[in-house]
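Chemist: Below is model.csv; it holds CSV, C-alpha atoms and all ligand atoms.
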```
chain,number,residue,atom,x,y,z
A,1,MET,CA,32.5,46.3,102.9
A,2,SER,CA,29.1,44.7,102.7
A,3,LEU,CA,25.6,46.1,102.9
A,4,PRO,CA,23.8,46.6,106.2
A,5,SER,CA,21.0,44.0,106.4
A,6,PRO,CA,18.2,43.5,106.4
A,7,LEU,CA,16.4,46.1,104.3
A,8,GLN,CA,14.8,48.4,106.8
A,9,TYR,CA,11.4,50.0,106.4
A,10,LEU,CA,10.0,50.4,109.9
A,11,HIS,CA,12.6,53.0,110.9
A,12,THR,CA,12.8,55.9,108.5
A,13,ALA,CA,15.4,58.6,108.5
A,14,GLY,CA,14.2,61.7,106.7
A,15,PRO,CA,11.2,64.0,106.1
A,16,ALA,CA,10.2,62.4,102.8
A,17,ALA,CA,9.7,59.1,104.5
A,18,ASP,CA,8.9,59.8,108.2
A,19,PRO,CA,5.3,60.8,107.6
A,20,VAL,CA,4.7,57.6,105.6
A,21,THR,CA,5.9,55.5,108.6
A,22,THR,CA,3.6,57.4,110.9
A,23,LEU,CA,0.7,56.9,108.5
A,24,GLY,CA,1.6,53.2,108.2
A,25,TRP,CA,1.6,52.7,112.0
A,26,GLY,CA,-1.5,54.8,112.4
A,27,LEU,CA,-3.5,52.9,109.7
A,28,GLY,CA,-2.2,49.6,111.3
A,29,ALA,CA,-3.6,50.8,114.7
A,30,VAL,CA,-6.9,51.8,113.2
A,31,SER,CA,-7.2,48.4,111.5
A,32,ALA,CA,-6.4,46.6,114.7
A,33,VAL,CA,-9.1,48.5,116.6
A,34,VAL,CA,-11.7,47.9,113.8
A,35,LEU,CA,-10.8,44.2,113.8
A,36,ALA,CA,-11.2,44.0,117.6
A,37,VAL,CA,-14.6,45.7,117.5
A,38,VAL,CA,-15.9,43.5,114.6
A,39,CYS,CA,-14.7,40.4,116.5
A,40,ILE,CA,-16.4,41.4,119.7
A,41,ALA,CA,-19.6,42.2,117.8
A,42,LEU,CA,-19.4,38.9,116.0
A,43,VAL,CA,-19.0,36.9,119.2
A,44,ALA,CA,-21.8,38.9,120.9
A,45,GLY,CA,-24.0,38.1,117.9
A,46,LEU,CA,-23.2,34.4,118.2
A,47,VAL,CA,-23.8,34.3,121.9
A,48,ARG,CA,-27.0,36.4,122.1
A,49,ARG,CA,-30.1,34.5,120.8
A,50,ARG,CA,-33.0,36.2,119.3
A,51,ALA,CA,-36.5,35.7,120.8
A,52,PRO,CA,-38.0,32.4,119.6
A,53,LEU,CA,-40.4,32.7,116.7
A,54,ALA,CA,-44.1,31.9,117.3
A,55,PRO,CA,-45.2,28.9,115.3
A,56,GLY,CA,-45.8,29.9,111.6
A,57,GLU,CA,-44.1,33.3,112.0
A,58,LEU,CA,-41.5,34.3,109.4
A,59,ALA,CA,-38.2,35.9,110.5
A,60,VAL,CA,-38.0,39.3,108.7
A,61,PRO,CA,-34.7,41.1,108.9
A,62,GLY,CA,-35.0,44.3,110.9
A,63,ASP,CA,-38.3,43.3,112.5
A,64,GLN,CA,-36.7,43.0,115.9
A,65,GLY,CA,-34.8,46.3,115.9
A,66,GLY,CA,-31.7,45.0,114.1
A,67,LEU,CA,-32.0,47.5,111.3
A,68,SER,CA,-30.7,50.5,113.3
A,69,TRP,CA,-27.5,48.5,113.9
A,70,ILE,CA,-26.9,48.3,110.2
A,71,TYR,CA,-27.2,52.1,109.8
A,72,ILE,CA,-24.9,52.6,112.8
A,73,GLY,CA,-22.3,50.1,111.5
A,74,VAL,CA,-22.3,51.6,108.0
A,75,SER,CA,-22.0,55.1,109.3
A,76,ILE,CA,-19.1,54.2,111.6
A,77,SER,CA,-17.3,52.4,108.8
A,78,ALA,CA,-17.8,55.3,106.4
A,79,LEU,CA,-16.5,57.8,108.9
A,80,VAL,CA,-13.4,55.7,109.7
A,81,LEU,CA,-12.6,55.1,106.0
A,82,ALA,CA,-13.1,58.8,105.2
A,83,ALA,CA,-10.8,59.8,108.0
A,84,CYS,CA,-8.1,57.3,106.8
A,85,ALA,CA,-8.4,58.6,103.3
A,86,ALA,CA,-8.1,62.2,104.4
A,87,TRP,CA,-5.0,61.4,106.6
A,88,THR,CA,-3.5,59.6,103.6
A,89,VAL,CA,-4.1,62.6,101.3
A,90,VAL,CA,-2.7,65.0,103.9
A,91,THR,CA,0.4,62.8,104.2
A,92,LEU,CA,1.0,62.6,100.5
A,93,ARG,CA,0.7,66.4,100.2
A,94,ALA,CA,3.2,66.8,103.1
A,95,ILE,CA,5.9,64.7,101.3
A,96,ALA,CA,5.1,65.9,97.7
A,97,MET,CA,7.7,68.8,97.9
A,98,PRO,CA,10.8,69.4,100.0
A,99,ALA,CA,10.7,72.3,102.4
A,100,GLN,CA,13.7,73.9,100.6
A,101,ALA,CA,14.5,73.6,96.9
A,102,ALA,CA,17.0,70.8,96.1
A,103,ARG,CA,20.4,72.0,94.8
A,104,LEU,CA,21.4,68.5,94.0
A,105,THR,CA,19.7,66.4,91.3
A,106,VAL,CA,20.5,62.8,90.5
A,107,GLU,CA,19.2,61.3,87.3
A,108,VAL,CA,18.7,57.7,88.2
A,109,THR,CA,18.2,55.2,85.3
A,110,ALA,CA,17.1,51.7,86.1
A,111,ALA,CA,18.3,48.9,83.8
A,112,GLN,CA,18.2,45.1,84.0
A,113,TRP,CA,19.5,44.7,86.7
A,114,TRP,CA,21.4,47.6,88.1
A,115,TRP,CA,21.2,51.4,88.6
A,116,ARG,CA,22.9,54.2,86.7
A,117,ALA,CA,23.1,57.6,88.4
A,118,ARG,CA,24.2,60.9,86.9
A,119,TYR,CA,24.9,63.7,89.3
A,120,ARG,CA,23.9,67.3,88.5
A,121,ASP,CA,25.0,69.4,91.5
A,122,ALA,CA,24.2,73.1,91.3
A,123,ASP,CA,27.5,73.8,93.1
A,124,ARG,CA,29.6,72.0,90.5
A,125,PRO,CA,30.1,72.9,86.8
A,126,SER,CA,29.9,69.4,85.3
A,127,ALA,CA,27.9,66.2,85.8
A,128,PHE,CA,29.4,62.8,86.5
A,129,GLN,CA,28.1,59.2,86.5
A,130,VAL,CA,28.2,56.5,89.2
A,131,ALA,CA,26.4,53.1,89.6
A,132,ASN,CA,24.4,51.3,92.3
A,133,GLU,CA,25.6,53.6,95.1
A,134,LEU,CA,24.4,57.1,95.7
A,135,HIS,CA,26.0,59.5,98.1
A,136,VAL,CA,23.9,62.4,99.5
A,137,PRO,CA,24.7,65.2,101.9
A,138,VAL,CA,22.9,64.8,105.3
A,139,GLY,CA,20.0,67.2,105.9
A,140,ARG,CA,19.7,68.4,102.4
A,141,PRO,CA,16.9,67.5,100.0
A,142,VAL,CA,18.0,65.6,96.8
A,143,ARG,CA,15.9,65.6,93.7
A,144,ILE,CA,15.7,62.3,91.9
A,145,GLU,CA,14.7,62.2,88.2
A,146,LEU,CA,13.9,58.6,87.5
A,147,THR,CA,13.6,56.7,84.3
A,148,SER,CA,14.3,53.2,82.9
A,149,GLU,CA,16.2,51.9,79.9
A,150,ASP,CA,14.3,48.7,79.3
A,151,VAL,CA,11.3,47.6,81.4
A,152,ILE,CA,9.4,49.0,84.4
A,153,HIS,CA,11.4,49.0,87.6
A,154,SER,CA,10.7,50.7,90.9
A,155,PHE,CA,13.1,52.9,93.0
A,156,TRP,CA,12.6,52.0,96.7
A,157,VAL,CA,14.8,53.2,99.5
A,158,PRO,CA,12.2,52.8,102.2
A,159,GLN,CA,14.1,54.7,104.9
A,160,LEU,CA,14.4,57.8,102.8
A,161,ALA,CA,11.4,58.0,100.4
A,162,GLY,CA,8.3,56.3,99.1
A,163,LYS,CA,8.4,53.8,96.2
A,164,VAL,CA,8.3,55.3,92.7
A,165,ASP,CA,8.2,53.5,89.4
A,166,ALA,CA,10.9,53.8,86.8
A,167,ILE,CA,9.2,53.8,83.5
A,168,PRO,CA,10.9,53.7,80.0
A,169,GLY,CA,10.3,56.9,78.0
A,170,ARG,CA,9.1,58.8,81.1
A,171,THR,CA,10.7,60.8,83.9
A,172,ASN,CA,9.2,60.5,87.3
A,173,VAL,CA,10.4,62.9,89.9
A,174,LEU,CA,10.8,62.2,93.6
A,175,TRP,CA,13.0,63.6,96.4
A,176,LEU,CA,14.7,62.2,99.4
A,177,GLN,CA,16.6,63.5,102.4
A,178,ALA,CA,18.6,61.7,105.0
A,179,ASP,CA,18.7,63.4,108.4
A,180,ARG,CA,21.2,61.0,109.9
A,181,PRO,CA,24.5,59.9,108.4
A,182,GLY,CA,24.4,56.2,107.5
A,183,THR,CA,24.0,53.6,104.8
A,184,TYR,CA,20.5,53.0,103.6
A,185,ARG,CA,19.6,50.0,101.5
A,186,GLY,CA,17.3,50.2,98.5
A,187,GLN,CA,15.8,47.5,96.3
A,188,CYS,CA,14.0,47.4,92.9
A,189,GLY,CA,10.4,47.3,93.9
A,190,GLU,CA,8.7,46.1,90.7
A,191,PHE,CA,9.3,42.7,89.2
A,192,CYS,CA,11.6,43.2,86.2
A,193,GLY,CA,12.9,39.8,85.2
A,194,ALA,CA,15.1,37.0,86.3
A,195,GLU,CA,17.5,39.1,88.5
A,196,HIS,CA,14.9,41.5,90.0
A,197,ALA,CA,15.8,40.4,93.5
A,198,ARG,CA,19.4,41.1,92.9
A,199,MET,CA,18.8,44.7,91.8
A,200,GLN,CA,19.7,46.5,94.9
A,201,LEU,CA,21.2,49.9,95.6
A,202,VAL,CA,22.8,51.8,98.5
A,203,VAL,CA,22.3,55.4,99.5
A,204,VAL,CA,25.1,56.7,101.7
A,205,ALA,CA,24.4,59.8,103.7
A,206,ASP,CA,27.6,61.8,104.4
A,207,SER,CA,28.4,64.9,106.3
A,208,ALA,CA,28.8,68.0,104.1
A,209,GLU,CA,32.6,67.6,104.1
A,210,ASP,CA,32.5,63.9,103.4
A,211,TYR,CA,30.0,64.4,100.6
A,212,ALA,CA,32.1,67.1,99.0
A,213,ARG,CA,35.2,64.9,99.2
A,214,TRP,CA,33.3,62.0,97.6
A,215,ARG,CA,31.9,64.2,94.9
A,216,ASP,CA,35.2,65.7,94.0
A,217,ALA,CA,36.8,62.2,93.9
A,218,GLN,CA,34.0,60.8,91.7
A,219,GLN,CA,34.1,63.7,89.3
A,220,ALA,CA,37.9,63.2,88.7
A,221,PRO,CA,38.9,60.9,85.9
A,222,ALA,CA,40.9,57.8,86.6
A,223,THR,CA,44.6,58.3,87.3
A,224,PRO,CA,46.6,56.4,84.6
A,225,GLN,CA,49.2,54.1,86.1
A,226,GLN,CA,52.1,52.7,84.1
A,227,ALA,CA,52.4,49.6,86.2
A,228,VAL,CA,49.0,48.3,85.0
A,229,ALA,CA,49.2,49.4,81.4
A,230,ALA,CA,48.9,45.8,80.2
A,231,GLY,CA,45.7,45.4,82.2
A,232,GLN,CA,44.3,48.6,80.8
A,233,ALA,CA,45.0,47.4,77.3
A,234,VAL,CA,43.0,44.1,77.9
A,235,PHE,CA,40.2,46.2,79.5
A,236,GLN,CA,40.2,48.5,76.5
A,237,SER,CA,39.7,45.6,74.1
A,238,HIS,CA,37.4,43.3,76.1
A,239,CYS,CA,35.4,45.6,78.3
A,240,GLY,CA,35.6,49.1,77.0
A,241,ALA,CA,32.7,48.7,74.6
A,242,CYS,CA,30.4,48.3,77.6
A,243,HIS,CA,32.2,50.1,80.5
A,244,ALA,CA,33.5,53.6,80.7
A,245,VAL,CA,36.6,54.6,82.6
A,246,ARG,CA,36.8,58.3,82.4
A,247,GLY,CA,40.1,59.7,81.4
A,248,THR,CA,40.8,56.6,79.2
A,249,PRO,CA,39.5,55.7,75.7
A,250,ALA,CA,37.1,53.2,77.4
A,251,GLY,CA,33.7,54.9,77.0
A,252,GLY,CA,31.0,52.1,76.8
A,253,LEU,CA,27.6,53.0,78.1
A,254,LEU,CA,25.9,49.5,78.3
A,255,GLY,CA,27.3,48.7,81.8
A,256,PRO,CA,28.2,50.6,85.0
A,257,ASP,CA,30.8,53.4,84.8
A,258,LEU,CA,33.9,51.8,86.5
A,259,THR,CA,36.0,55.0,86.9
A,260,HIS,CA,35.9,54.7,90.7
A,261,LEU,CA,34.9,51.1,91.0
A,262,LYS,CA,36.8,50.5,94.2
A,263,SER,CA,35.0,53.3,96.0
A,264,ARG,CA,31.8,51.4,96.1
A,265,HIS,CA,30.5,49.0,98.8
A,266,THR,CA,29.2,46.4,96.5
A,267,LEU,CA,29.5,44.8,93.0
A,268,ALA,CA,26.7,44.0,90.6
A,269,ALA,CA,24.0,45.9,92.4
A,270,GLY,CA,24.4,44.6,95.9
A,271,LEU,CA,25.2,41.0,94.9
A,272,LEU,CA,28.8,40.9,96.1
A,273,PRO,CA,31.0,42.9,98.5
A,274,ASP,CA,33.5,45.0,96.6
A,275,THR,CA,36.6,42.9,97.5
A,276,PRO,CA,39.4,41.8,95.2
A,277,ASP,CA,38.3,38.2,95.7
A,278,ALA,CA,34.7,38.8,94.8
A,279,LEU,CA,35.8,41.0,91.8
A,280,ALA,CA,37.9,38.1,90.5
A,281,ARG,CA,34.9,35.7,90.8
A,282,TRP,CA,32.7,38.2,89.0
A,283,ILE,CA,35.2,38.7,86.1
A,284,GLU,CA,35.7,34.9,85.8
A,285,ASP,CA,32.0,34.0,85.5
A,286,PRO,CA,29.3,36.7,86.0
A,287,GLN,CA,26.7,34.4,84.5
A,288,ALA,CA,27.2,31.9,87.3
A,289,LEU,CA,26.8,34.5,90.0
A,290,LYS,CA,23.9,36.5,88.4
A,291,PRO,CA,22.4,34.2,85.7
A,292,GLY,CA,21.0,36.3,82.9
A,293,THR,CA,23.0,39.4,83.7
A,294,ARG,CA,23.7,41.6,80.6
A,295,MET,CA,27.4,41.1,81.2
A,296,PRO,CA,28.6,38.1,79.2
A,297,ASN,CA,31.3,35.8,80.5
A,298,PRO,CA,34.5,37.6,79.3
A,299,LYS,CA,36.4,34.3,78.8
A,300,LEU,CA,39.8,35.9,79.4
A,301,SER,CA,43.0,33.9,79.6
A,302,PRO,CA,44.3,33.6,83.2
A,303,GLU,CA,47.1,36.1,82.4
A,304,ASP,CA,44.7,38.6,80.9
A,305,ARG,CA,42.4,38.2,83.9
A,306,GLN,CA,45.2,38.8,86.3
A,307,ALA,CA,46.2,41.9,84.4
A,308,VAL,CA,42.7,43.3,84.2
A,309,LEU,CA,42.2,42.6,88.0
A,310,ALA,CA,45.4,44.5,88.7
A,311,TYR,CA,44.1,47.4,86.6
A,312,LEU,CA,40.7,47.4,88.2
A,313,GLY,CA,42.4,47.5,91.6
A,314,THR,CA,43.7,50.9,90.8
A,315,LEU,CA,40.3,52.4,90.0
A,316,ASN,CA,39.7,53.9,93.4
B,401,LIG,C1,28.4,43.4,76.8
B,401,LIG,C2,28.7,44.4,77.7
B,401,LIG,C3,29.7,44.1,78.8
B,401,LIG,C4,31.0,43.6,78.6
B,401,LIG,C5,31.7,43.3,77.3
B,401,LIG,C6,31.6,43.6,80.0
B,401,LIG,N1,30.7,44.0,80.9
B,401,LIG,FE1,31.0,44.3,82.9
B,401,LIG,N2,29.0,44.7,83.1
B,401,LIG,C7,28.1,44.8,82.1
B,401,LIG,C8,26.8,45.0,82.7
B,401,LIG,C9,25.5,45.2,82.0
B,401,LIG,C10,27.0,45.0,84.1
B,401,LIG,C11,25.9,45.2,85.2
B,401,LIG,C12,25.6,43.8,85.6
B,401,LIG,C13,24.6,43.7,86.7
B,401,LIG,O1,24.8,44.2,87.8
B,401,LIG,O2,23.5,43.0,86.5
B,401,LIG,C14,28.4,44.8,84.3
B,401,LIG,C15,29.0,44.8,85.6
B,401,LIG,C16,30.4,44.8,85.8
B,401,LIG,C17,31.0,45.1,87.0
B,401,LIG,C18,30.3,45.4,88.3
B,401,LIG,C19,30.2,46.9,88.4
B,401,LIG,C20,29.5,47.4,89.6
B,401,LIG,O3,29.7,48.6,89.9
B,401,LIG,O4,28.7,46.7,90.2
B,401,LIG,C21,32.3,45.0,86.8
B,401,LIG,C22,33.4,45.1,87.8
B,401,LIG,C23,32.5,44.6,85.4
B,401,LIG,N3,31.3,44.6,84.8
B,401,LIG,C24,33.8,44.5,84.8
B,401,LIG,C25,33.9,44.1,83.5
B,401,LIG,C26,35.2,43.7,82.9
B,401,LIG,C27,36.5,43.7,83.7
B,401,LIG,C28,34.9,43.4,81.7
B,401,LIG,C29,35.9,42.9,80.6
B,401,LIG,C30,36.7,41.8,80.9
B,401,LIG,C31,33.5,43.5,81.4
B,401,LIG,N4,32.9,43.9,82.6
B,401,LIG,C32,32.9,43.3,80.2
B,401,LIG,C33,28.3,44.8,80.8
B,401,LIG,C34,29.5,44.3,80.2
B,402,CU,CU,13.1,44.8,89.6
```
How does the structure come out when it is put into structure tokens?
Ligand code: HEC
Ligand SMILES: [Cu+2]
Modeler:
Amino acid sequence: MSLPSPLQYLHTAGPAADPVTTLGWGLGAVSAVVLAVVCIALVAGLVRRRAPLAPGELAVPGDQGGLSWIYIGVSISALVLAACAAWTVVTLRAIAMPAQAARLTVEVTAAQWWWRARYRDADRPSAFQVANELHVPVGRPVRIELTSEDVIHSFWVPQLAGKVDAIPGRTNVLWLQADRPGTYRGQCGEFCGAEHARMQLVVVADSAEDYARWRDAQQAPATPQQAVAAGQAVFQSHCGACHAVRGTPAGGLLGPDLTHLKSRHTLAAGLLPDTPDALARWIEDPQALKPGTRMPNPKLSPEDRQAVLAYLGTLN
């Protein structure tokens, strides 16, 4: 599966984003009208000549009645700008808080160059972690507690919410809600280093039943399989220091949790589709695909690589 493209921001899909789109179009329309009026006034000013000066007379601004136009122009501009500012403030207020309290909180941590997400669902006893792909139930507000592990990033899923910075040492709170099931693309919105452009995320809005099924599946640890024990051993020694697979001794925190790797749409924050072929390329040479990524080239022997890939293929 690959991401829907391109990134959408003109058609929003929830109450935390819709008012912003309306405001955007509205301010665009106001700007267009202002531009038209100014252009017409400018052309009129170019075409209409003032009365010729008598010999020796000095042209004094305002002498010929022009001053009142300056007052009129300044007042109209001030009124229009004040109205736009008021509309913006009203819109920001309208999206500041969800209509009903959010029962689901997702702690999103940005890192160079991917997204970690820890789910705290009031309906479930324990939290669980995923990466680069959030699922949310349709029609319900979701609280996002946003921070960063390294530099400043920005969480931007334009169809569902406004852009909010992820700042190290600070937690910014926003909320989003999807009113239609679907897959919504997000992108880091603040330049954060070499692979900033490849720091994408996906928000999948599911029906209540699909969301519950996804949540239960994500919360479960990986199911151990005897057939791939060799691959698991290689993973444990070469990858487990950075990646966690819940239910196994691999508990690294530096990279994405891989417990349910195969359930995601993409690999490496939207860079590749989550297919066996792309996974094999990633494991062979991540630095070639995403130069600078915090995952070093594993340099596995072909046999070890095959074994690890077989193991990763069972993480669904
Ligand atoms: C030094 C730490 C480190 C080691 C060792 C490491 N990784 Fe990674 N890995 C990362 C980081 C960090 C990322 C996120 C990269 C990005 O998207 O920029 C990542 C991403 C991945 C992804 C993509 C996950 C996703 O959801 O997008 C897979 C799969 C993966 N690693 C598998 C492995 C395997 C298999 C090994 C061992 C052979 C391994 N990694 C070794 C740090 C590491
Ligand atoms: Cu960025």
Chemist: Give me, as an MDAnalysis selection string, all polymer residues having an atom no more than 12 Å from Ala278 of chain A, counting only C-alpha atoms and skipping those fewer than 4 positions away in the same chain.
Modeler: chainID A and resid 1:2 262 265:268 270:274 282:286 289 309
Chemist: Pick from A:Ser263, A:Thr105, A:Thr91, A:Thr171: nearest to ligand LIG 401 (chain B), with only C-alpha atoms and all ligand atoms counted?
Modeler: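 Answer, going by the shortest atom-to-atom distance: A:Ser263.
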Chemist: Extract, using only C-alpha atoms, all DNA, RNA and protein residues at most 9 Å from Thr314 of chain A, discarding same-chain residues fewer than 3 positions from it, and format them as a VMD selection string.
Modeler: chain A and resid 222 to 225 228 260 to 262 309 to 311
Chemist: Work out how far atom CA of Asn297 of chain A is from atom C30 of ligand LIG 401 (chain B), in Å to one decimal.
Modeler: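 Between these atoms lies a distance of 8.1 Å.
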Chemist: Nearest to Ala13 of chain A among A:Pro158, A:Gly186, A:Gly26, A:Gly292, with distances taken over all atoms listed in the file: which residue is it?
Modeler: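 Of A:Pro158, A:Gly186, A:Gly26, A:Gly292, the one nearest Ala13 of chain A, counting all atoms listed in the file, is A:Pro158.
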Chemist: Using only C-alpha atoms and all ligand atoms, which residues have at least one atom no more than 9 Å from ligand CU 402 (chain B)? Output them as an MDAnalysis selection string.
Modeler: chainID A and resid 110:114 151:155 187:200
Chemist: Kindly work out which residues sit at most 6 Å from ligand LIG 401 (chain B), using all atoms listed in the file, and give the list as number ranges by chain.
Modeler: A: 113-114, 131, 235, 238-239, 242, 254-256, 261, 267-269, 283, 293-296, 298
Chemist: How about saving the chosen residues, C-alpha atoms kept, as a PDB file, in the frame of the given file?
Modeler:
```pdb
ATOM      1  CA  TRP A 113      19.500  44.700  86.700  1.00  0.00           C
ATOM      2  CA  TRP A 114      21.400  47.600  88.100  1.00  0.00           C
ATOM      3  CA  ALA A 131      26.400  53.100  89.600  1.00  0.00           C
ATOM      4  CA  PHE A 235      40.200  46.200  79.500  1.00  0.00           C
ATOM      5  CA  HIS A 238      37.400  43.300  76.100  1.00  0.00           C
ATOM      6  CA  CYS A 239      35.400  45.600  78.300  1.00  0.00           C
ATOM      7  CA  CYS A 242      30.400  48.300  77.600  1.00  0.00           C
ATOM      8  CA  LEU A 254      25.900  49.500  78.300  1.00  0.00           C
ATOM      9  CA  GLY A 255      27.300  48.700  81.800  1.00  0.00           C
ATOM     10  CA  PRO A 256      28.200  50.600  85.000  1.00  0.00           C
ATOM     11  CA  LEU A 261      34.900  51.100  91.000  1.00  0.00           C
ATOM     12  CA  LEU A 267      29.500  44.800  93.000  1.00  0.00           C
ATOM     13  CA  ALA A 268      26.700  44.000  90.600  1.00  0.00           C
ATOM     14  CA  ALA A 269      24.000  45.900  92.400  1.00  0.00           C
ATOM     15  CA  ILE A 283      35.200  38.700  86.100  1.00  0.00           C
ATOM     16  CA  THR A 293      23.000  39.400  83.700  1.00  0.00           C
ATOM     17  CA  ARG A 294      23.700  41.600  80.600  1.00  0.00           C
ATOM     18  CA  MET A 295      27.400  41.100  81.200  1.00  0.00           C
ATOM     19  CA  PRO A 296      28.600  38.100  79.200  1.00  0.00           C
ATOM     20  CA  PRO A 298      34.500  37.600  79.300  1.00  0.00           C
TER      21      PRO A 298
END
```
Chemist: Rounded to one decimal, what separation in Å do you get between atom CA of Ala250 of chain A and atom CA of Ser237 of chain A?
Modeler: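 Those two atoms sit 8.7 Å apart.
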Chemist: Find the distance between atom CA of Ala59 of chain A and atom CA of Leu42 of chain A and write it in Å to one decimal.
Modeler: 19.8 Å
Chemist: Which residue, A:Leu258, A:Ile72, A:Leu7, A:Ala54, has the smallest gap to Ala244 of chain A when you use all atoms listed in the file?
Modeler: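 Answer, going by the shortest atom-to-atom distance: A:Leu258.
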Chemist: Looking at A:Pro125, A:Gly251, A:Gly66, A:Gly182, which one is nearest to Asp216 of chain A, with distances taken over only C-alpha atoms?
Modeler: A:Pro125
Chemist: Rank A:Gln100, A:Thr22, A:Asn316, A:Thr109 by their smallest atom-to-atom distance to Arg140 of chain A, using only C-alpha atoms, and report the top residue only.
Modeler: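 Once distances to Arg140 of chain A are computed over only C-alpha atoms, the minimum belongs to A:Gln100.
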Chemist: Go through A:Thr248, A:Thr147, A:Gln219, A:Thr12 and flag the residue nearest Arg170 of chain A, using all atoms listed in the file for the distances.
Modeler: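 Nearest candidate to Arg170 of chain A out of A:Thr248, A:Thr147, A:Gln219, A:Thr12: A:Thr147.
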Chemist: Counting all atoms listed in the file, which residues sit no farther than 8 Å from the position (46.7, 41.9, 83.7) in the file's frame? I'd like them as an mmCIF file with C-alpha atoms, in the coordinates of the input.
Modeler:
```cif
data_model
loop_
_atom_site.group_PDB
_atom_site.id
_atom_site.type_symbol
_atom_site.label_atom_id
_atom_site.label_comp_id
_atom_site.auth_asym_id
_atom_site.auth_seq_id
_atom_site.Cartn_x
_atom_site.Cartn_y
_atom_site.Cartn_z
ATOM 1 C CA VAL A 228 49.000 48.300 85.000
ATOM 2 C CA ALA A 230 48.900 45.800 80.200
ATOM 3 C CA GLY A 231 45.700 45.400 82.200
ATOM 4 C CA GLN A 232 44.300 48.600 80.800
ATOM 5 C CA VAL A 234 43.000 44.100 77.900
ATOM 6 C CA GLU A 303 47.100 36.100 82.400
ATOM 7 C CA ASP A 304 44.700 38.600 80.900
ATOM 8 C CA ARG A 305 42.400 38.200 83.900
ATOM 9 C CA GLN A 306 45.200 38.800 86.300
ATOM 10 C CA ALA A 307 46.200 41.900 84.400
ATOM 11 C CA VAL A 308 42.700 43.300 84.200
ATOM 12 C CA LEU A 309 42.200 42.600 88.000
ATOM 13 C CA ALA A 310 45.400 44.500 88.700
ATOM 14 C CA TYR A 311 44.100 47.400 86.600
#
```
Chemist: Given the point (10.1, 64.3, 90.0) in the file's coordinates, find the residues that have an atom at most 10 Å from it, counting only C-alpha atoms, and give them as a PyMOL selection string.
Modeler: chain A and resi 96-97+105+107+143-146+164+171-175
